[in-house]
Amino acid sequence: MEKSLNNKNSQDKILTTAYFIILNVFKKNISTRESKGLKALKYSTLSSSDKAKCNDLVQKVLRFTLFLDSLINERKKGRIRVELFCLLRLALTDILVRGVKKETVLKKYSEFALSLERTKHSIDQLRYYIHLGFSEWNKSALKPLFLFEKKLLEALVGQYNLKSVKRIEKIFSKSPYVDLYIRNRVKKGQYFEQFKGSSTDPSHFRFSQNVSLMKTKGYISGEWWVQSLSASLPVKLAPIDFKEKYVLDVCCAPGGKSFQLADQGAILTSIDKSKKRLNLMKENLDRLKYDLDLICVDVFEYKPKKMFDIILLDPPCTATGTLGKNPDLQFLKPLDKLEDLLDTQKKMLERCSGWLTDNGVIIYSVCSLQKEEGENQISRFLKKHKRFSLVDPKEGCHLYKDGFEIQKTRGIRIMPFFEEGIGGTEGFYFAYLQLKGNGN
Ligand SMILES: C[S@@+](CC[C@H](N)C(=O)[O-])C[C@H]1O[C@@H](n2cnc3c(N)ncnc32)[C@H](O)[C@@H]1O
């Protein structure tokens with residue numbers, strides 16, 4: 001890897017880095033995020049615009065991998081090594097998604113394949129597929145799609161239905177957008193008038209074009225932060241006035257929900273066990289300047305000095321609701337981790353439930369499509385803890401929208417096709433669990 005990253009121009013560096021990030025997913029089970037931190041990959045040496053181009057390429061390849069693989073497999077004439085598979089996915093993305101010219105694709109990928117030990121003898125195969133890409137696949141106007149891998153597809157069809165799952169695939173096929181949460185004090189009106197985008201409410205703005213966030217109005221003065229629409233809903237729709245309430249945000253980093261709580265005047269303690277993620281949160285706090293107590297600690301070791309009126313618990317989960325944005329996740333066997341995650345979520349819920357004042361509320365949320373982590377986890381908790389009951393979200397027009405489902409005994413399910421008109425959102429689940437006071 002070291003050798004092929006030396007002495008390369010910008011385009012070559014982007015391709016090489018993207019290739020190794022993708023190869024790491026399929027060959028070593030390493031997530032794209034982890035890969036970017038590997039010294040040997042030299043991702044950090046790319047300029048910020050090259051990083052953006054590399055990320056875009058990696059995202060597109062991974063989003064459409066299963067679709068592209070089905071094309072490759074249909075015309076396969078023998079065994080294809082994982083290294084060649086990754087190169088073919090990159091080349092087909094250039095052809096079918098990015099509309100790169102034939103001469104450029106042929107030259108770029110032939111040279112690159114020759115520079116790699118494991119693909120240099122596969123030039124004929126590579127060229128065969130590139131020709132197919134131009135002669136057949138792009139002529140038939142095939143539009144690559146996001147597809148769920150087999151195990152995940154079966155699990156989701158079992159929990160929803162095929163029609164809903166196909167709708168999710170359609171939403172995840174689109175490039176991910178960037179959502180901003182705009183803080184309370186900002187006069188919303190025409191705040192983002194110079195940008196192309198859309199809003200679902202005054203605290204939310206979605207860019208429909210690429211922008212440099214650091215150069216965007218309000219970045220330095222801390223008037224917004226990046227947070228997906230669905231991730232903002234558990235706090236936004238809570239039937240609670242947070243002002244001057246003692247609130248604990250368990251598993252807080254990188255901080256979107258803490259910032260919402262602080263913005264609404266909560267007296268906030270936020271904990272997380274990851275130093276790295278907390279550092280990211282601190283960078284944002286430097287801009288946003290909210291006053292909150294940030295503690296790096298494992299929830300299973302944390303001993304609160306007081307009880308809390310509200311506890312927000314956003315525990316680790318399979319994150320399958322975010323596959324549109326993090327398409328590598330489905331190749332890292334998320335369902336294999338499900339049992340362990342369920343156990344952690346259950347133990348966190350049990351532990352936090354002992355830190356609530358009477359009539360206090362736990363806001364539980366997961367960015368997962370798996371009902372085990374959402375509806376079933378909460379049903380189980382409610383069966384065991386009779387003093388807790390579910391509370392509905394705030395009244396509002398969201399209640400009647402497609403993809404927003406309130407389930408009387410099971411919480412709120414956000415499907416990725418919620419707000420389909422502006423491109424949908426991430427899959428999410430949340431619930432408000434109120435502890436009845438002893439006198440009630
Ligand atoms: C889904 S993320 C939280 C996202 C965050 N609530 C937000 O809105 O930005 C889950 C977090 O749980 C943290 N975490 C996992 N296990 C933990 C533990 N035992 N104690 C504290 N934090 C933990 C992870 O470091 C990660 O930051």
# chains A, B, ... in the order shown; residues from 1 in each chain; ligands from 1
>>> residues_near_ligand(ligand="ligand 1", cutoff="9 Å", atoms="only C-alpha atoms and all ligand atoms", output="ChimeraX atom specification")
/A:227,231-232,249-259,271-278,281,296-302,312-317,319,344,348,365-367
>>> write_last_selection(atoms="N, CA and C atoms", output="short mmCIF file (atom, residue, chain, number, x, y, z; two decimals), in the first residue's frame")
data_model
loop_
_atom_site.label_atom_id
_atom_site.label_comp_id
_atom_site.auth_asym_id
_atom_site.auth_seq_id
_atom_site.Cartn_x
_atom_site.Cartn_y
_atom_site.Cartn_z
N GLN A 227 -26.91 17.94 11.80
CA GLN A 227 -27.68 16.89 12.47
C GLN A 227 -28.80 16.46 11.52
N ALA A 231 -32.59 12.41 13.40
CA ALA A 231 -31.87 12.40 14.68
C ALA A 231 -32.32 13.56 15.57
N SER A 232 -32.87 14.61 14.96
CA SER A 232 -33.29 15.76 15.77
C SER A 232 -34.69 15.56 16.36
N ASP A 249 -27.56 13.39 29.40
CA ASP A 249 -27.49 12.79 28.07
C ASP A 249 -26.44 11.68 28.14
N VAL A 250 -26.95 10.44 28.13
CA VAL A 250 -26.06 9.28 28.23
C VAL A 250 -25.68 8.91 26.79
N CYS A 251 -24.41 8.58 26.53
CA CYS A 251 -23.97 8.28 25.15
C CYS A 251 -24.20 9.52 24.28
N CYS A 252 -23.53 10.60 24.65
CA CYS A 252 -23.86 11.90 24.05
C CYS A 252 -23.12 12.25 22.77
N ALA A 253 -21.96 11.62 22.53
CA ALA A 253 -21.10 12.12 21.45
C ALA A 253 -21.53 11.58 20.08
N PRO A 254 -21.37 12.33 19.02
CA PRO A 254 -20.71 13.63 18.92
C PRO A 254 -21.57 14.84 19.30
N GLY A 255 -22.80 14.66 19.79
CA GLY A 255 -23.38 15.78 20.52
C GLY A 255 -24.64 16.45 20.00
N GLY A 256 -25.14 16.05 18.84
CA GLY A 256 -26.30 16.75 18.27
C GLY A 256 -27.45 16.92 19.27
N LYS A 257 -27.78 15.83 19.98
CA LYS A 257 -28.95 15.91 20.87
C LYS A 257 -28.63 16.74 22.11
N SER A 258 -27.38 16.67 22.59
CA SER A 258 -26.97 17.53 23.72
C SER A 258 -27.12 18.99 23.33
N PHE A 259 -26.71 19.34 22.12
CA PHE A 259 -26.79 20.74 21.70
C PHE A 259 -28.26 21.20 21.67
N ILE A 271 -22.55 12.53 29.06
CA ILE A 271 -21.45 11.57 29.25
C ILE A 271 -21.30 10.65 28.04
N ASP A 272 -20.07 10.23 27.81
CA ASP A 272 -19.76 9.27 26.75
C ASP A 272 -18.43 8.64 27.10
N LYS A 273 -18.23 7.40 26.65
CA LYS A 273 -16.95 6.76 27.03
C LYS A 273 -15.86 6.96 25.96
N SER A 274 -16.22 7.49 24.81
CA SER A 274 -15.22 7.62 23.74
C SER A 274 -14.56 9.00 23.75
N LYS A 275 -13.25 9.00 24.05
CA LYS A 275 -12.49 10.25 24.09
C LYS A 275 -12.50 10.90 22.70
N LYS A 276 -12.32 10.05 21.69
CA LYS A 276 -12.21 10.55 20.32
C LYS A 276 -13.50 11.27 19.91
N ARG A 277 -14.63 10.63 20.22
CA ARG A 277 -15.91 11.24 19.83
C ARG A 277 -16.20 12.48 20.67
N LEU A 278 -15.74 12.46 21.93
CA LEU A 278 -15.94 13.64 22.77
C LEU A 278 -15.09 14.81 22.27
N MET A 281 -16.93 16.45 19.70
CA MET A 281 -18.02 17.22 20.32
C MET A 281 -17.48 18.54 20.86
N CYS A 296 -16.13 12.28 30.35
CA CYS A 296 -15.73 11.06 29.64
C CYS A 296 -15.78 9.91 30.64
N VAL A 297 -16.79 9.10 30.53
CA VAL A 297 -16.95 7.99 31.49
C VAL A 297 -17.85 6.90 30.89
N ASP A 298 -17.59 5.69 31.32
CA ASP A 298 -18.44 4.58 30.90
C ASP A 298 -19.72 4.63 31.72
N VAL A 299 -20.87 4.47 31.06
CA VAL A 299 -22.14 4.57 31.78
C VAL A 299 -22.23 3.54 32.91
N PHE A 300 -21.53 2.41 32.74
CA PHE A 300 -21.60 1.37 33.76
C PHE A 300 -20.69 1.67 34.96
N GLU A 301 -19.90 2.73 34.83
CA GLU A 301 -19.07 3.14 35.97
C GLU A 301 -19.51 4.48 36.54
N TYR A 302 -20.34 5.19 35.81
CA TYR A 302 -20.77 6.53 36.22
C TYR A 302 -21.65 6.45 37.48
N LEU A 312 -31.72 11.27 28.52
CA LEU A 312 -31.77 10.89 27.10
C LEU A 312 -30.79 9.74 26.91
N LEU A 313 -31.29 8.64 26.41
CA LEU A 313 -30.41 7.48 26.18
C LEU A 313 -30.43 7.14 24.69
N ASP A 314 -29.28 7.34 24.06
CA ASP A 314 -29.12 7.08 22.62
C ASP A 314 -27.98 6.06 22.48
N PRO A 315 -28.25 4.80 22.84
CA PRO A 315 -27.16 3.83 22.99
C PRO A 315 -26.59 3.36 21.66
N PRO A 316 -25.44 2.68 21.70
CA PRO A 316 -24.92 2.11 20.45
C PRO A 316 -25.94 1.12 19.88
N CYS A 317 -26.04 1.08 18.54
CA CYS A 317 -27.01 0.18 17.89
C CYS A 317 -26.44 -0.25 16.54
N ALA A 319 -27.28 0.70 13.75
CA ALA A 319 -27.25 1.88 12.87
C ALA A 319 -27.75 1.60 11.46
N THR A 344 -26.47 -4.73 25.67
CA THR A 344 -25.95 -3.45 26.17
C THR A 344 -27.08 -2.44 26.34
N MET A 348 -28.19 -0.69 29.79
CA MET A 348 -28.13 0.77 29.94
C MET A 348 -29.48 1.31 30.40
N SER A 365 -33.63 6.49 22.18
CA SER A 365 -33.65 6.56 20.71
C SER A 365 -32.55 5.69 20.10
N VAL A 366 -32.83 5.14 18.93
CA VAL A 366 -31.81 4.39 18.17
C VAL A 366 -31.98 4.68 16.68
N CYS A 367 -30.83 4.77 15.97
CA CYS A 367 -30.90 5.02 14.52
C CYS A 367 -30.91 3.68 13.79
#
>>> select_by_dssp(residues="range 19-262 of chain A", states="strand (DSSP E)", output="MDAnalysis selection string")
chainID A and resid 178:182 197:198 204:207 224:226 246:250
>>> closest_residue(among="A:Leu66, A:Leu294, A:Leu88, A:Leu288", to="Tyr181 in chain A", atoms="only C-alpha atoms")
A:Leu288
>>> closest_residue(among="A:Tyr128, A:Lys27, A:Tyr191, A:Phe146", to="Lys76 in chain A", atoms="only C-alpha atoms")
A:Tyr128
>>> closest_atom_pairs(of="range 273-363 of chain A", to="range 416-421 of chain A", cutoff="12 Å", atoms="only C-alpha atoms", output="tab-separated table")
residue	atom	partner	partner_atom	distance
A:Thr320	CA	A:Pro416	CA	10.7
A:Gly321	CA	A:Pro416	CA	7.3
A:Thr322	CA	A:Pro416	CA	8.9
A:Leu323	CA	A:Pro416	CA	10.1
A:Gly324	CA	A:Pro416	CA	9.2
A:Lys325	CA	A:Pro416	CA	11.5
>>> write_last_selection(atoms="C-alpha atoms", output="mmCIF file, in the first residue's frame")
data_model
loop_
_atom_site.group_PDB
_atom_site.id
_atom_site.type_symbol
_atom_site.label_atom_id
_atom_site.label_comp_id
_atom_site.auth_asym_id
_atom_site.auth_seq_id
_atom_site.Cartn_x
_atom_site.Cartn_y
_atom_site.Cartn_z
ATOM 1 C CA THR A 320 -29.081 0.259 9.958
ATOM 2 C CA GLY A 321 -31.245 3.373 9.651
ATOM 3 C CA THR A 322 -28.157 5.250 8.459
ATOM 4 C CA LEU A 323 -27.155 2.877 5.642
ATOM 5 C CA GLY A 324 -27.911 5.521 3.024
ATOM 6 C CA LYS A 325 -25.178 7.648 4.573
#
>>> residues_around(residues="Asn210 in chain A", least_positions_apart="4", cutoff="12 Å", atoms="only C-alpha atoms", output="PDB file with C-alpha atoms, in the first residue's frame")
ATOM      1  CA  SER A  49     -11.198  19.021  -1.567  1.00  0.00           C
ATOM      2  CA  ALA A  52     -14.371  15.269  -0.320  1.00  0.00           C
ATOM      3  CA  LYS A  53     -13.895  13.752  -3.804  1.00  0.00           C
ATOM      4  CA  ASP A  56     -17.931  10.877  -2.642  1.00  0.00           C
ATOM      5  CA  SER A 175     -26.903  10.845  -2.515  1.00  0.00           C
ATOM      6  CA  PRO A 176     -27.049  11.802   1.099  1.00  0.00           C
ATOM      7  CA  TYR A 177     -27.910  15.388   1.797  1.00  0.00           C
ATOM      8  CA  VAL A 178     -26.527  17.538   4.609  1.00  0.00           C
ATOM      9  CA  ASP A 179     -29.020  18.654   7.258  1.00  0.00           C
ATOM     10  CA  PHE A 195     -28.485  28.501  -0.651  1.00  0.00           C
ATOM     11  CA  LYS A 196     -30.485  25.946  -2.567  1.00  0.00           C
ATOM     12  CA  GLY A 197     -32.290  23.715  -0.148  1.00  0.00           C
ATOM     13  CA  ARG A 206     -31.284  20.757   4.054  1.00  0.00           C
ATOM     14  CA  LYS A 215     -17.507  28.764   4.678  1.00  0.00           C
ATOM     15  CA  THR A 216     -21.256  28.710   5.263  1.00  0.00           C
TER      16      THR A 216
END
>>> residues_around(residues="Leu369 in chain A", least_positions_apart="2", cutoff="12 Å", atoms="only C-alpha atoms", output="ChimeraX atom specification")
/A:152-153,155-160,164-165,168,317-323,334-335,338,365-367,371-376,412-416,426-430
>>> write_last_selection(atoms="N, CA and C atoms", output="short mmCIF file (atom, residue, chain, number, x, y, z; two decimals), in the first residue's frame")
data_model
loop_
_atom_site.label_atom_id
_atom_site.label_comp_id
_atom_site.auth_asym_id
_atom_site.auth_seq_id
_atom_site.Cartn_x
_atom_site.Cartn_y
_atom_site.Cartn_z
N LEU A 152 -29.89 -8.97 5.70
CA LEU A 152 -30.58 -7.76 6.17
C LEU A 152 -31.94 -7.63 5.48
N LEU A 153 -31.95 -7.94 4.18
CA LEU A 153 -33.19 -7.86 3.42
C LEU A 153 -34.24 -8.79 4.03
N ALA A 155 -34.39 -9.95 7.04
CA ALA A 155 -34.81 -9.47 8.37
C ALA A 155 -35.80 -8.31 8.23
N LEU A 156 -35.52 -7.40 7.30
CA LEU A 156 -36.40 -6.23 7.16
C LEU A 156 -37.75 -6.59 6.56
N VAL A 157 -37.73 -7.48 5.55
CA VAL A 157 -39.00 -7.88 4.94
C VAL A 157 -39.85 -8.60 5.99
N GLY A 158 -39.20 -9.33 6.89
CA GLY A 158 -39.93 -10.00 7.97
C GLY A 158 -40.56 -9.00 8.94
N GLN A 159 -39.94 -7.83 9.08
CA GLN A 159 -40.43 -6.86 10.08
C GLN A 159 -41.37 -5.83 9.49
N TYR A 160 -41.17 -5.49 8.23
CA TYR A 160 -42.06 -4.51 7.58
C TYR A 160 -42.78 -5.28 6.47
N SER A 164 -42.45 -1.67 1.56
CA SER A 164 -41.77 -0.65 2.39
C SER A 164 -40.26 -0.75 2.23
N VAL A 165 -39.76 -1.99 2.18
CA VAL A 165 -38.30 -2.18 2.08
C VAL A 165 -37.81 -1.63 0.74
N ILE A 168 -37.51 2.02 1.02
CA ILE A 168 -36.29 2.41 1.75
C ILE A 168 -35.08 2.35 0.81
N CYS A 317 -26.04 1.08 18.54
CA CYS A 317 -27.01 0.18 17.89
C CYS A 317 -26.44 -0.25 16.54
N THR A 318 -27.18 -1.06 15.81
CA THR A 318 -26.67 -1.54 14.51
C THR A 318 -26.60 -0.40 13.49
N ALA A 319 -27.28 0.70 13.75
CA ALA A 319 -27.25 1.88 12.87
C ALA A 319 -27.75 1.60 11.46
N THR A 320 -28.62 0.59 11.31
CA THR A 320 -29.08 0.26 9.96
C THR A 320 -29.97 1.35 9.35
N GLY A 321 -30.47 2.25 10.19
CA GLY A 321 -31.24 3.37 9.65
C GLY A 321 -30.38 4.36 8.88
N THR A 322 -29.05 4.28 9.10
CA THR A 322 -28.16 5.25 8.46
C THR A 322 -27.42 4.67 7.25
N LEU A 323 -27.89 3.52 6.74
CA LEU A 323 -27.16 2.88 5.64
C LEU A 323 -27.05 3.73 4.38
N PRO A 334 -23.72 -6.24 10.28
CA PRO A 334 -24.32 -5.58 11.44
C PRO A 334 -25.19 -6.52 12.28
N LEU A 335 -25.85 -7.48 11.64
CA LEU A 335 -26.76 -8.34 12.41
C LEU A 335 -26.00 -9.32 13.31
N LEU A 338 -25.97 -7.89 16.68
CA LEU A 338 -27.27 -7.52 17.25
C LEU A 338 -27.45 -8.00 18.69
N SER A 365 -33.63 6.49 22.18
CA SER A 365 -33.65 6.56 20.71
C SER A 365 -32.55 5.69 20.10
N VAL A 366 -32.83 5.14 18.93
CA VAL A 366 -31.81 4.39 18.17
C VAL A 366 -31.98 4.68 16.68
N CYS A 367 -30.83 4.77 15.97
CA CYS A 367 -30.90 5.02 14.52
C CYS A 367 -30.91 3.68 13.79
N LYS A 371 -36.48 -3.75 14.65
CA LYS A 371 -37.46 -3.56 15.73
C LYS A 371 -36.97 -4.11 17.07
N GLU A 372 -36.05 -5.09 17.01
CA GLU A 372 -35.52 -5.63 18.28
C GLU A 372 -34.91 -4.52 19.12
N GLU A 373 -34.26 -3.55 18.44
CA GLU A 373 -33.55 -2.49 19.17
C GLU A 373 -34.48 -1.35 19.56
N GLY A 374 -35.64 -1.30 18.93
CA GLY A 374 -36.58 -0.22 19.19
C GLY A 374 -37.82 -0.75 19.89
N GLU A 375 -38.86 -1.03 19.11
CA GLU A 375 -40.16 -1.42 19.65
C GLU A 375 -40.06 -2.56 20.67
N ASN A 376 -39.30 -3.62 20.32
CA ASN A 376 -39.29 -4.79 21.20
C ASN A 376 -38.50 -4.52 22.48
N ILE A 412 -42.29 5.46 18.73
CA ILE A 412 -42.43 6.15 17.44
C ILE A 412 -41.40 5.62 16.45
N ARG A 413 -41.88 5.25 15.30
CA ARG A 413 -41.01 4.70 14.26
C ARG A 413 -40.93 5.71 13.11
N ILE A 414 -39.71 6.11 12.75
CA ILE A 414 -39.52 6.98 11.59
C ILE A 414 -38.95 6.13 10.47
N MET A 415 -39.68 6.05 9.38
CA MET A 415 -39.20 5.29 8.23
C MET A 415 -38.39 6.24 7.33
N PRO A 416 -37.38 5.73 6.62
CA PRO A 416 -36.57 6.61 5.76
C PRO A 416 -37.39 7.38 4.73
N GLU A 426 -33.19 9.41 7.68
CA GLU A 426 -32.65 8.15 8.20
C GLU A 426 -33.77 7.39 8.92
N GLY A 427 -33.62 6.09 9.02
CA GLY A 427 -34.56 5.30 9.80
C GLY A 427 -34.25 5.51 11.28
N PHE A 428 -35.30 5.67 12.11
CA PHE A 428 -35.08 5.98 13.51
C PHE A 428 -36.20 5.40 14.34
N TYR A 429 -35.94 5.24 15.62
CA TYR A 429 -36.98 4.85 16.56
C TYR A 429 -36.77 5.65 17.83
N PHE A 430 -37.85 6.14 18.44
CA PHE A 430 -37.70 6.75 19.77
C PHE A 430 -38.97 6.59 20.59
#
>>> residues_around(residues="Ile80 in chain A", least_positions_apart="4", cutoff="12 Å", atoms="only C-alpha atoms", output="ChimeraX atom specification")
/A:69,72-73,75-76,84-88,118-119,121-122,125-126,129
>>> atom_distance(atom1="CA of Thr357 in chain A", atom2="CA of Lys306 in chain A")
9.3 Å
